[in-house]
Amino acid sequence: MDEFSTVQQHVQAALVATTRSASALANEDLPFHRSLSTSLSAQLDRQNARLLALASTLLGAATPASESVRAAPSLKDLDSVDGNWRAVVDVVDSLLERADTALDEFTGAVRRLTPDAEARAMAATKSAKTSEIARRLRSQDMEKPQLLFENVPTNREKAPFKPLLLSKPHAAVPLATAPITSKSFPKPQYPHPYQLEIEQYQYPASVYAQADPIAYHPFDSTSATFVDTEEAVDEMLEELKLAKEIAIDLEHHDTRSYIGIVCLMQISTRDRDWIVDTLKPWRRKLQCLNQVFADPSIVKVLHGAYMDIMWLQRDLGLYIVGLFDTHYAARALGYPGGSLAFLLKKFINIDANKQYQMSDWRIRPLPQELLDYARSDTHYLLYIFDCMRNELIQRSNLSLPNQEGDKLADVLYKSSETALQRYEHPTYDYELGQGPSGWYKTLARASAMFTNEQFAVFKAVHQWRDEVARDEDDSVHYVMPNYHIFNIARELPVTRATLSNILHPGTPAIRLRADELVGVILGAKEAGKTGPAMLDVLNQIEPHKHVSSKVPHSHSVAAYVPKPAAQAGDNGVRSGLPLRSATSTFWGAALKHDATEGQRRALSTAPGLSLTVPMPALGATVFADVTEFEASGLGAAHQVNGEDVESVNVAPEPIDDEDEVVILKEMGRKRKRDGRAAAITDGMASQSDEVTLLEEDDETRQQRAKAESKRAKKEARRAARLTAGASDDAALDEQPFDYSSAPSILNPPREDAGAGAAAAGRRRQVNPHAKLLDAPKGAPRNPAAKERAGRMATFRK
């Protein structure tokens, strides 16, 4: 302790001397002394360089200890000091905090907090290590394992997907070896190999019985068996056959593969966990697991099994009979969350570490962190299944008809429907953009509006991306993100330099095939000049979504001629649906979509009309509802060039200007229109300045009469009050006013003390200056504004 005090005194004395010297130099006029002596100026420059170098060295040595600074600030001159001053302050603050913490620990002031500090430091180190591992595991620059498969994917399959099964264990009917057609499958397709077995499946009695959940084994005291040989698969299969329930999960990779790859399969029983390597060249030999997966006596528990069912069929030829999906159970029970992480937190009270979820599962050998993460997805799942099954049974109400209250039966039914899903090869539809990889859903979600050329470029680039992804066996998003396609469609680049500027930074496929992509854009741009419009194509797909009215309409001058409906076999898609409105918010009812050319020519050439588009006659029928005119009988039919056209002319009633009472409030109020009130003379059509006043309807007259009656009653009450006041004034005038006995207004007399609270309540306090506060107030002053010379900033603009 004495030695530390001695060192502290020496350091403090040196620091005080240095501070005094720096303050003394700062008080001197060094620029003036520089101008007097060139030698002094040179010495000052050398000392400045030396001090800056020492400061930079010290900052570099202290920066690793600072958590707030990533790179050491470099001090080369005065400007660099000013520019990096904040970083210098951060380093100094960090050093001071560390020194203060070290002194407190040395003196024992915070000795009791040392274990927590060490724990935090260890947690921070572990978190940094975990982040680095996660970053490394997301790396996708490795050789594609699918190139070594016995059956390398081609991504060009045109025929229907044929199940990979070579045999069918636990079969109720033999395996179908040829495609079939039916009402459900108009095109030739292979049926689901286990469709009948799943539809007729009866779950074991243990699923419907409530029992205590079977506890899981501690995670830390157990380990998973990594299965990467055919012998290990056979050993695992023998143990799985003895189980009553098994939990299954998959880890999938879909970035460097067009259709995706199943990389791992986790399987757990009540006592053991297995992790199966599904990237082996002999991966299709895992079909032997159908002896367990299709066994009706074994319940297969999965969470969110929709895509897992597809992947098992596509890559491994595996099918599941007796599925229980815990995701549907969570929804049936009304949980606020349906993810596996939510269930782990609810039933196991552990927080799932989802940072490895997006890792590249193709890495071999797998790090221990990934093995633990994969095992945790199935290790606890059977215990969660027990808890949720009991809760489903407890919360079911079997007294309701049609099994509406049987929550367990509902979950089992939805699980069976999921197990019946079939995988099919992805196809690309260039014209309508249908299918999982089509352009329609991407364009519909973006709500973009393209011209004909932009729309043609969008479709062409989208198709080019799909073709490149199939050739390179990469996902379409790895080849080109969606926003790149939209940027190309909007900008229409025609040179490689322009394309690079728009798509910076580009993907490897774009950089290697930039010239090819520019050629696609140029060809699509030229074809788009005569190509279909975007809205016309979209309305062939979903007419009710993109048509703005129930009645077919068009914005063009030429009448729209409806096209025949799609024939059978066109998937019910209708083409040629128009895009026009049946009514106009300005002109009223527009022409019918089936109006003849003679009607349009007669109306467009009517006397006094000079219009750029064909318009109907400007009569009352234009501005009123057609049904109201038909009901009132005001419509009259006449012929124009042999065609029947409805119109009506209502002659306005003469108005006496002398007797007319104009009320501004009534004129400013909105009134409803009907057929009789909307009649306008032909003078408006001829752009005349004369406007004919409209006849009031019954509703307006009733409102006017009501207002007049109310006004008359108000005048009568006012007259009565004036008459009463005049009689009182007359009575007061008969007696002269006595000023000597009148009470003072400024100093009213006090009430008697015996009057009590009632007299105090009636006492009136008069403030002769109260009216002074009724003056209008000025604009509020802006407190943030400052007065400046030459301009006024008192009030806000």
# chains A, B, ... in the order shown; residues from 1 in each chain; ligands from 1
>>> residues_around(residues="Pro188 (chain A)", least_positions_apart="2", cutoff="9 Å", atoms="only C-alpha atoms", output="list in words")
Ala159, Pro160, Pro179, Ile180, Thr181, Ser182, Phe185, Pro186 and Tyr190 of chain A
>>> closest_atom_pairs(of="region 410-497 of chain A", to="region 318-326 of chain A", cutoff="12 Å", atoms="only C-alpha atoms", output="tab-separated table")
residue	atom	partner	partner_atom	distance
A:Asp410	CA	A:Phe324	CA	11.0
A:Val411	CA	A:Asp325	CA	7.4
A:Leu412	CA	A:Phe324	CA	6.3
A:Tyr413	CA	A:Phe324	CA	9.3
A:Lys414	CA	A:Asp325	CA	8.2
A:Ser415	CA	A:Asp325	CA	5.6
A:Ser416	CA	A:Leu323	CA	6.4
A:Glu417	CA	A:Leu323	CA	9.5
A:Thr418	CA	A:Leu323	CA	8.3
A:Ala419	CA	A:Ile320	CA	6.3
A:Leu420	CA	A:Ile320	CA	8.9
A:Gln421	CA	A:Tyr319	CA	10.0
A:Arg422	CA	A:Tyr319	CA	10.1
A:Tyr423	CA	A:Tyr319	CA	11.3
>>> residues_around(residues="Asn501 (chain A)", least_positions_apart="6", cutoff="12 Å", atoms="only C-alpha atoms", output="PyMOL selection string")
chain A and resi 484+487-488+491+493-495+511+514
>>> write_last_selection(atoms="N, CA and C atoms", output="tab-separated table (two decimals), in the first residue's frame")
chain	number	residue	atom	x	y	z
A	484	HIS	N	-33.70	-5.82	-57.64
A	484	HIS	CA	-32.91	-5.57	-58.84
A	484	HIS	C	-33.79	-5.63	-60.09
A	487	ASN	N	-35.73	-2.43	-60.32
A	487	ASN	CA	-34.87	-1.31	-60.74
A	487	ASN	C	-34.58	-1.36	-62.23
A	488	ILE	N	-34.34	-2.55	-62.77
A	488	ILE	CA	-34.10	-2.68	-64.21
A	488	ILE	C	-35.34	-2.30	-65.00
A	491	GLU	N	-35.69	1.63	-64.87
A	491	GLU	CA	-34.65	2.44	-65.52
A	491	GLU	C	-34.40	2.03	-66.96
A	493	PRO	N	-31.99	0.00	-68.49
A	493	PRO	CA	-30.61	0.24	-68.93
A	493	PRO	C	-30.32	-0.49	-70.23
A	494	VAL	N	-29.58	0.15	-71.13
A	494	VAL	CA	-29.28	-0.44	-72.43
A	494	VAL	C	-27.78	-0.60	-72.64
A	495	THR	N	-26.98	-0.26	-71.64
A	495	THR	CA	-25.54	-0.46	-71.71
A	495	THR	C	-25.08	-1.17	-70.46
A	511	ARG	N	-22.55	-10.14	-62.70
A	511	ARG	CA	-21.25	-9.66	-63.19
A	511	ARG	C	-20.73	-10.53	-64.33
A	514	ALA	N	-23.37	-9.97	-67.61
A	514	ALA	CA	-23.92	-8.62	-67.80
A	514	ALA	C	-24.29	-8.37	-69.25
>>> closest_residue(among="A:Ala456, A:Ser475, A:Ile485, A:Lys244", to="Thr530 (chain A)", atoms="only C-alpha atoms")
A:Ala456
>>> atom_distance(atom1="CA of Leu517 (chain A)", atom2="CA of Glu424 (chain A)")
29.4 Å
